[in-house]
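A.B. asks: I am sharing input-v9.cif, which consists of mmCIF, C-alpha atoms:
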data_run
#
loop_
_atom_site.label_atom_id
_atom_site.label_comp_id
_atom_site.auth_asym_id
_atom_site.auth_seq_id
_atom_site.Cartn_x
_atom_site.Cartn_y
_atom_site.Cartn_z
CA MET A 16 157.32 85.08 99.63
CA THR A 17 154.67 87.65 100.48
CA GLU A 18 154.71 90.81 98.38
CA HIS A 19 153.94 94.08 100.14
CA ILE A 20 152.20 96.82 98.14
CA THR A 21 153.34 100.29 99.04
CA GLU A 22 151.01 103.26 99.24
CA LYS A 23 152.31 104.70 95.95
CA GLN A 24 151.81 101.34 94.21
CA GLN A 25 148.27 101.18 95.58
CA ILE A 26 147.57 104.68 94.20
CA ARG A 27 148.89 103.62 90.78
CA LEU A 28 146.64 100.56 90.81
CA GLU A 29 143.63 102.68 91.72
CA GLU A 30 144.39 105.10 88.89
CA HIS A 31 143.82 102.28 86.37
CA GLU A 32 140.42 101.38 87.87
CA SER A 33 137.19 102.91 86.68
CA TYR A 34 135.44 105.54 88.77
CA PHE A 35 132.53 103.26 89.64
CA ASN A 36 134.89 100.50 90.80
CA LEU A 37 136.61 102.98 93.10
CA VAL A 38 133.25 104.16 94.44
CA TRP A 39 132.10 100.60 95.09
CA ARG A 40 135.37 99.72 96.82
CA LYS A 41 135.06 102.67 99.18
CA PHE A 42 131.32 102.20 99.70
CA ARG A 43 131.56 98.58 100.80
CA LYS A 44 134.08 99.56 103.50
CA SER A 45 131.38 101.55 105.26
CA ARG A 46 129.42 99.22 107.53
CA VAL A 47 126.82 101.88 108.26
CA ALA A 48 126.15 102.35 104.54
CA ILE A 49 125.85 98.59 104.02
CA VAL A 50 123.37 98.37 106.91
CA GLY A 51 121.37 101.24 105.42
CA GLY A 52 121.32 99.56 102.02
CA LEU A 53 120.13 96.28 103.56
CA ILE A 54 117.36 98.09 105.44
CA VAL A 55 116.17 99.81 102.27
CA LEU A 56 116.33 96.51 100.35
CA ALA A 57 114.35 94.70 103.07
CA LEU A 58 111.62 97.38 103.08
CA ALA A 59 111.43 97.26 99.29
CA VAL A 60 111.07 93.46 99.30
CA LEU A 61 108.34 93.62 101.95
CA ALA A 62 106.49 96.25 99.91
CA VAL A 63 106.74 94.52 96.52
CA PHE A 64 105.81 91.09 97.89
CA SER A 65 103.45 92.32 100.62
CA SER A 66 100.74 89.80 99.73
CA PHE A 67 103.20 86.92 100.18
CA PHE A 68 104.20 88.15 103.65
CA SER A 69 100.61 88.73 104.76
CA PRO A 70 98.69 85.60 105.86
CA TYR A 71 95.38 87.49 105.64
CA ASP A 72 93.91 89.94 103.16
CA PRO A 73 95.12 93.36 104.43
CA VAL A 74 92.07 95.19 103.07
CA LYS A 75 89.32 92.72 104.07
CA LEU A 76 87.29 93.71 107.13
CA ASN A 77 86.94 91.29 110.05
CA MET A 78 85.10 93.16 112.81
CA ARG A 79 85.20 90.20 115.21
CA SER A 80 89.00 90.49 115.38
CA GLY A 81 89.13 94.25 115.93
CA PHE A 82 92.04 95.44 118.09
CA THR A 83 93.38 91.93 118.62
CA PRO A 84 96.78 92.06 120.40
CA PRO A 85 99.92 90.70 118.69
CA SER A 86 100.16 86.92 118.80
CA ARG A 87 102.75 85.52 121.19
CA ILE A 88 105.06 82.89 119.76
CA HIS A 89 105.60 79.94 122.10
CA PHE A 90 107.80 76.88 122.14
CA VAL A 91 106.76 75.65 125.61
CA ASP A 92 103.13 75.12 126.62
CA ILE A 93 101.56 75.82 130.02
CA ASN A 94 102.49 72.32 131.21
CA GLY A 95 106.17 72.89 130.50
CA LYS A 96 106.29 70.64 127.43
CA PHE A 97 108.77 71.78 124.81
CA TYR A 98 107.88 71.69 121.13
CA GLY A 99 110.39 71.90 118.33
CA ARG A 100 108.01 74.09 116.33
CA PRO A 101 106.63 77.53 117.18
CA PHE A 102 102.95 77.74 118.05
CA VAL A 103 100.43 80.34 119.19
CA TYR A 104 97.38 80.45 121.41
CA GLN A 105 94.23 82.31 120.49
CA TRP A 106 93.19 85.48 122.28
CA LYS A 107 89.82 85.76 123.99
CA GLN A 108 88.16 88.61 125.83
CA VAL A 109 87.24 88.24 129.50
CA VAL A 110 85.67 90.57 132.05
CA ASP A 111 87.54 91.02 135.34
CA GLU A 112 86.11 91.83 138.76
CA ASN A 113 86.17 95.55 137.94
CA MET A 114 84.02 94.98 134.84
CA TYR A 115 86.90 95.78 132.47
CA MET A 116 87.32 93.71 129.35
CA HIS A 117 90.81 92.56 128.47
CA TRP A 118 92.50 89.95 126.31
CA VAL A 119 93.89 86.67 127.64
CA GLU A 120 95.33 83.65 125.85
CA ASP A 121 93.23 80.51 125.60
CA PRO A 122 95.60 77.61 126.38
CA SER A 123 93.06 74.91 125.53
CA THR A 124 94.25 74.66 121.92
CA LEU A 125 97.60 75.41 120.38
CA TYR A 126 98.13 76.17 116.71
CA PHE A 127 101.49 75.42 115.11
CA VAL A 128 103.02 78.05 112.85
CA ASN A 129 103.55 76.65 109.37
CA PHE A 130 105.65 78.15 106.60
CA PHE A 131 104.88 78.44 102.89
CA VAL A 132 101.19 77.76 103.37
CA GLN A 133 98.15 78.22 101.14
CA GLY A 134 95.84 81.10 102.02
CA TRP A 135 93.83 83.92 100.45
CA GLU A 136 94.25 84.39 96.73
CA TYR A 137 96.24 87.27 95.25
CA LYS A 138 98.21 88.00 92.10
CA TRP A 139 101.97 87.56 92.25
CA LEU A 140 103.50 90.85 91.06
CA GLY A 141 99.99 91.75 89.93
CA LEU A 142 100.14 89.17 87.12
CA PHE A 143 100.11 85.55 88.30
CA PRO A 144 97.38 84.17 90.62
CA SER A 145 98.76 82.56 93.77
CA ARG A 146 97.74 81.43 97.25
CA LEU A 147 101.24 80.95 98.65
CA HIS A 148 102.12 82.84 101.85
CA LEU A 149 105.22 82.86 104.03
CA TYR A 150 103.54 81.75 107.26
CA GLY A 151 100.17 80.91 108.75
CA VAL A 152 98.29 78.62 111.12
CA ALA A 153 95.55 76.10 110.54
CA ALA A 154 91.95 77.29 110.76
CA PRO A 155 90.17 78.29 112.93
CA GLY A 156 93.38 79.66 114.46
CA THR A 157 94.80 83.06 113.54
CA ILE A 158 98.21 84.68 113.85
CA TYR A 159 98.75 88.43 113.94
CA ILE A 160 102.40 89.14 114.68
CA LEU A 161 101.68 92.88 115.15
CA GLY A 162 98.00 92.67 116.07
CA THR A 163 95.02 94.09 114.19
CA ASP A 164 93.41 97.50 113.76
CA LYS A 165 89.87 98.48 114.69
CA PHE A 166 88.50 96.73 111.59
CA GLY A 167 90.32 93.46 112.34
CA ARG A 168 92.89 93.84 109.55
CA ASP A 169 96.38 92.44 110.04
CA ILE A 170 98.67 95.38 110.86
CA PHE A 171 101.87 93.73 109.61
CA GLY A 172 100.30 92.93 106.26
CA ARG A 173 98.96 96.48 105.97
CA MET A 174 102.36 97.92 106.88
CA CYS A 175 103.95 95.94 104.05
CA LEU A 176 101.19 97.05 101.67
CA ALA A 177 101.50 100.67 102.83
CA GLY A 178 105.18 100.57 101.93
CA ARG A 179 104.19 100.44 98.27
CA ILE A 180 102.54 103.87 98.47
CA SER A 181 104.98 105.52 100.90
CA LEU A 182 108.14 104.32 99.14
CA ALA A 183 106.79 104.70 95.60
CA MET A 184 105.53 108.22 96.27
CA SER A 185 108.81 109.30 97.86
CA LEU A 186 110.83 107.80 95.00
CA PHE A 187 108.57 109.27 92.32
CA GLY A 188 108.58 112.72 93.92
CA THR A 189 112.34 112.60 94.49
CA PHE A 190 113.06 111.59 90.89
CA ILE A 191 110.97 114.52 89.63
CA SER A 192 112.73 116.88 92.02
CA VAL A 193 116.19 115.59 91.13
CA ALA A 194 115.50 115.64 87.39
CA VAL A 195 114.26 119.24 87.45
CA GLY A 196 116.84 120.52 89.91
CA SER A 197 119.88 118.90 88.31
CA VAL A 198 118.99 119.89 84.73
CA LEU A 199 118.16 123.50 85.63
CA GLY A 200 121.27 123.71 87.79
CA VAL A 201 123.55 122.53 84.98
CA ILE A 202 121.98 124.87 82.42
CA SER A 203 122.05 127.83 84.80
CA GLY A 204 125.67 127.26 85.75
CA TYR A 205 126.79 126.77 82.15
CA TYR A 206 125.12 129.78 80.53
CA GLY A 207 125.23 132.21 83.44
CA GLY A 208 124.30 135.78 82.63
CA ARG A 209 120.70 136.97 82.56
CA PHE A 210 119.18 133.47 82.47
CA ASP A 211 121.16 132.46 85.56
CA ASN A 212 120.18 135.66 87.35
CA TYR A 213 116.45 135.18 86.67
CA LEU A 214 116.52 131.50 87.61
CA GLN A 215 118.35 132.14 90.88
CA ARG A 216 115.89 134.85 91.86
CA PHE A 217 113.06 132.38 91.19
CA VAL A 218 114.86 129.77 93.32
CA GLU A 219 115.14 132.26 96.16
CA PHE A 220 111.44 133.09 95.78
CA VAL A 221 110.46 129.41 96.07
CA GLN A 222 112.80 128.86 99.01
CA SER A 223 111.24 131.79 100.87
CA PHE A 224 108.05 129.78 101.44
CA PRO A 225 107.99 127.44 104.46
CA GLN A 226 107.76 123.96 102.99
CA LEU A 227 105.43 122.22 105.40
CA PRO A 228 102.60 124.83 105.46
CA LEU A 229 102.75 125.13 101.68
CA TRP A 230 102.63 121.33 101.29
CA MET A 231 99.60 121.29 103.58
CA ALA A 232 97.87 124.02 101.60
CA LEU A 233 98.50 122.33 98.25
CA ALA A 234 97.46 118.91 99.53
CA ALA A 235 94.24 120.34 100.98
CA VAL A 236 93.04 121.61 97.59
CA ILE A 237 93.13 118.15 95.94
CA PRO A 238 89.50 117.32 95.00
CA PRO A 239 88.15 114.45 97.10
CA ASN A 240 86.50 112.84 94.05
CA TRP A 241 89.78 112.18 92.22
CA ASP A 242 90.72 108.55 91.61
CA GLN A 243 93.63 106.85 93.36
CA MET A 244 96.18 107.27 90.56
CA ALA A 245 95.40 110.99 90.19
CA VAL A 246 95.83 111.55 93.93
CA PHE A 247 99.13 109.62 93.88
CA ILE A 248 100.53 111.70 91.00
CA ALA A 249 99.26 114.97 92.50
CA MET A 250 100.83 114.26 95.91
CA SER A 251 104.14 113.22 94.33
CA THR A 252 104.20 116.41 92.26
CA ILE A 253 103.44 118.54 95.32
CA PHE A 254 106.37 117.01 97.19
CA ALA A 255 108.63 117.63 94.20
CA LEU A 256 107.64 121.29 93.78
CA LEU A 257 109.61 122.52 96.78
CA SER A 258 112.44 119.97 96.85
CA TRP A 259 114.40 120.84 93.72
CA THR A 260 115.75 124.27 94.60
CA LEU A 261 118.61 123.24 96.88
CA LEU A 262 119.94 120.71 94.37
CA ALA A 263 119.71 123.28 91.57
CA ARG A 264 121.90 125.73 93.48
CA GLU A 265 124.46 123.08 94.42
CA ILE A 266 124.72 121.72 90.88
CA ARG A 267 124.99 125.28 89.55
CA GLY A 268 127.99 125.90 91.78
CA LYS A 269 129.72 122.72 90.64
CA VAL A 270 129.11 123.50 86.96
CA MET A 271 130.38 127.07 87.31
CA ALA A 272 133.63 125.62 88.65
CA MET A 273 133.89 123.14 85.76
CA ARG A 274 132.80 125.20 82.76
CA GLU A 275 136.25 126.78 82.33
CA THR A 276 138.22 123.54 82.78
CA ASP A 277 140.34 122.07 80.02
CA PHE A 278 137.98 119.30 78.91
CA VAL A 279 135.07 121.73 78.47
CA LEU A 280 137.23 124.24 76.59
CA ALA A 281 138.60 121.44 74.38
CA ALA A 282 135.08 120.23 73.56
CA ARG A 283 134.03 123.78 72.69
CA GLU A 284 137.07 124.26 70.44
CA MET A 285 136.28 121.00 68.62
CA GLY A 286 132.86 122.38 67.70
CA ALA A 287 130.70 120.57 70.23
CA SER A 288 127.26 122.12 70.66
CA ASP A 289 126.09 123.55 73.96
CA MET A 290 123.65 120.69 74.49
CA ARG A 291 126.41 118.13 73.94
CA ILE A 292 128.70 119.89 76.39
CA ILE A 293 125.92 120.16 78.97
CA PHE A 294 124.54 116.62 78.79
CA TYR A 295 127.61 114.68 77.62
CA HIS A 296 130.43 116.38 79.54
CA LEU A 297 129.07 118.44 82.45
CA TYR A 298 125.96 116.57 83.56
CA PRO A 299 127.70 113.16 84.02
CA ASN A 300 130.27 114.84 86.27
CA THR A 301 127.48 115.89 88.64
CA LEU A 302 125.80 112.48 88.87
CA SER A 303 127.64 111.40 92.01
CA HIS A 304 126.41 114.45 93.88
CA THR A 305 122.93 114.05 92.40
CA ILE A 306 122.66 110.43 93.56
CA VAL A 307 123.65 111.43 97.09
CA ILE A 308 121.03 114.19 97.16
CA LEU A 309 118.45 111.69 95.84
CA THR A 310 119.02 109.27 98.72
CA LEU A 311 118.94 112.09 101.28
CA THR A 312 115.75 113.66 99.87
CA ILE A 313 113.68 110.47 100.05
CA PRO A 314 113.48 110.42 103.90
CA SER A 315 112.19 114.00 104.02
CA ILE A 316 109.39 113.17 101.57
CA ILE A 317 108.51 110.01 103.54
CA LEU A 318 108.18 112.10 106.71
CA ALA A 319 106.18 114.79 104.89
CA GLU A 320 103.77 112.26 103.38
CA SER A 321 103.32 110.51 106.74
CA PHE A 322 102.64 113.80 108.49
CA LEU A 323 100.12 115.03 105.92
CA SER A 324 98.33 111.67 105.82
CA PHE A 325 98.29 111.61 109.62
CA LEU A 326 96.51 114.96 109.57
CA GLY A 327 94.00 113.64 107.03
CA ILE A 328 94.96 115.91 104.11
CA GLY A 329 97.25 113.54 102.24
CA ILE A 330 96.58 110.00 101.08
CA GLN A 331 93.04 108.81 101.78
CA GLU A 332 91.37 105.43 102.01
CA PRO A 333 91.20 103.05 100.14
CA LEU A 334 94.87 103.87 99.50
CA VAL A 335 97.00 102.94 102.48
CA SER A 336 100.30 104.47 103.51
CA TRP A 337 102.23 104.55 106.76
CA GLY A 338 100.77 107.97 107.50
CA VAL A 339 97.23 106.72 106.89
CA MET A 340 97.83 103.87 109.34
CA MET A 341 99.18 106.30 111.94
CA ARG A 342 95.92 108.24 111.75
CA GLU A 343 94.28 105.54 113.86
CA ALA A 344 96.63 106.41 116.75
CA GLN A 345 95.37 109.98 117.15
CA THR A 346 93.34 109.37 120.32
CA ILE A 347 94.78 108.81 123.78
CA GLN A 348 92.15 106.14 124.42
CA THR A 349 93.32 104.07 121.47
CA LEU A 350 96.97 104.38 122.49
CA GLY A 351 96.16 103.58 126.11
CA PHE A 352 94.45 100.26 125.37
CA ASN A 353 95.92 99.26 121.98
CA GLN A 354 99.55 100.32 121.93
CA TRP A 355 100.38 98.08 118.95
CA ILE A 356 98.53 100.54 116.67
CA ILE A 357 101.68 102.71 116.54
CA ALA A 358 103.66 99.86 114.93
CA PRO A 359 103.89 101.71 111.55
CA VAL A 360 106.25 104.16 113.27
CA LEU A 361 108.83 101.35 113.18
CA PHE A 362 108.74 101.18 109.38
CA ILE A 363 108.94 104.97 109.09
CA LEU A 364 111.99 105.06 111.38
CA LEU A 365 113.66 102.21 109.52
CA ALA A 366 113.05 103.87 106.15
CA VAL A 367 114.40 107.24 107.29
CA LEU A 368 117.46 105.72 108.98
CA GLY A 369 118.11 103.34 106.09
CA PHE A 370 118.08 106.04 103.42
CA ASN A 371 120.14 108.41 105.59
CA PHE A 372 122.77 105.75 106.25
CA LEU A 373 122.84 104.88 102.57
CA GLY A 374 123.10 108.53 101.56
CA ASP A 375 125.96 109.19 103.98
CA GLY A 376 127.85 106.20 102.60
CA LEU A 377 127.30 107.31 99.02
CA ARG A 378 128.39 110.85 99.89
CA ASP A 379 131.72 109.58 101.23
CA ALA A 380 132.20 107.10 98.40
CA ALA A 381 131.37 109.64 95.70
CA ASP A 382 134.86 111.11 96.19
CA PRO A 383 137.02 107.97 96.23
CA TYR A 384 140.30 109.88 96.00
CA THR A 385 140.08 111.39 99.47
CA ILE A 386 141.91 109.56 102.24
CA THR A 387 139.79 108.81 105.31
#
I need this file expressed as structure tokens, please.
C.D. replies:
Amino acid sequence: MTEHITEKQQIRLEEHESYFNLVWRKFRKSRVAIVGGLIVLALAVLAVFSSFFSPYDPVKLNMRSGFTPPSRIHFVDINGKFYGRPFVYQWKQVVDENMYMHWVEDPSTLYFVNFFVQGWEYKWLGLFPSRLHLYGVAAPGTIYILGTDKFGRDIFGRMCLAGRISLAMSLFGTFISVAVGSVLGVISGYYGGRFDNYLQRFVEFVQSFPQLPLWMALAAVIPPNWDQMAVFIAMSTIFALLSWTLLAREIRGKVMAMRETDFVLAAREMGASDMRIIFYHLYPNTLSHTIVILTLTIPSIILAESFLSFLGIGIQEPLVSWGVMMREAQTIQTLGFNQWIIAPVLFILLAVLGFNFLGDGLRDAADPYTIT
């Protein structure tokens, strides 16, 4: 006999579950949020294991292969013969009757695509030497699934490598912003009074500046002789400087609504210190909102970093980010003849959409008691 659970019984069952179990149950019902999480996970895997996914060294120059179009994957050759394995032809440049050079495939030799092949040497996770790569073709053949740039470097491999800088910088800057904004917001909302008044006036002062021009101005004053790590930290800090104010005001409002509730008054009557009330009782109750803001702030920093690097005042070579790669697509001539150069836009769009989808799902799941 099948037992039917009424709505009241379901509510009673949910009351005995932990908050995080309720959040997870509601989150996994959102297909959009799951898709966003999978996109973010895929980009993170490509970035962390970029050397494994790149059949060629993404920083090694190969001028003979400059602006090579993306390789076309075939299963049927020019004679109509079907192969059970994918293969590619090599590109060669020819001159037509109008004296224009263009790329055509050379069907004289086909190169089968192999998986888990040995190639250029790298260090797995920066620790263990390895030559294993996901795919490749036998020499002298080459495979560039997204083509090459003007220096003959594999664009797909560089896009995966650039994800390390773009994602790490956005995460690092967002964590700084969230840490500063949430802590100041909790303290301001709890104490109130003169401290709250001064802090809110400072927040309004910071918010009065337009973010993008100020980011550009701060990024432009970074000395060009700084090393890579210093530039990375400086850029992350710049992005965090103007991103914490909105979170601070929102957390302040939530804390002001909670500071007179029963559990806070009971803790104060039992002799709990202000720091214990702030960080043990109030701050954990704002984490759900803080996590949502974190996931929604990351896309804005990714776009800001890409824009500044595109203008040439952000990340510089030899560091590579998605914005640095987009700098090569500044000329109409390059876009007219080598459209595959704008491929990094795909990763930027996926990252922004993925984090936004994930943030929307977390925002809905953060309040599991609402009925949708």
A.B. asks: Name every residue that the PyMOL selection byres ((chain A and resi 194) around 10) selects in this structure, writing the answer as a list in words with chains first and numbers rising.
C.D. replies: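 What the PyMOL selection byres ((chain A and resi 194) around 10) grabs from the file is Gly188, Thr189, Phe190, Ile191, Ser192, Val193, Val195, Gly196, Ser197, Val198, Leu199, Gly200, Ala255, Trp259, Leu262, Ala263, Thr305 and Leu309 of chain A.
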A.B. asks: Could you state the separation of atom CA of Gly156 of chain A and atom CA of Arg100 of chain A in Å, given to one decimal place?
C.D. replies: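 Distance between the two atoms: 15.8 Å.
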A.B. asks: As a ChimeraX atom specification, please: the residues near segment 333-344 of chain A (cut-off 7 Å, only C-alpha atoms, same-chain neighbours under 5 positions excluded).
C.D. replies: /A:174,177-178,180-181,243,320-322,324-325,349-350,356-357,359
A.B. asks: Any idea what the distance is between atom CA of Leu311 of chain A and atom CA of Ser203 of chain A?
C.D. replies: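 So the answer is 23.0 Å.
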A.B. asks: For atom CA of Asp211 of chain A and atom CA of Phe224 of chain A, determine how far apart the two atoms are, in Å to one decimal place.
C.D. replies: 20.8 Å
A.B. asks: Can you pull out the residues contacting Met273 of chain A? Cut-off 10 Å, using all atoms listed in the file, and skip same-chain residues under 3 positions away; I want them as a list of chain:residue names.
C.D. replies: A:Gly204, A:Tyr205, A:Arg267, A:Gly268, A:Lys269, A:Val270, A:Thr276, A:Asp277, A:Phe278, A:Val279, A:Leu280, A:His296, A:Leu297, A:Asn300
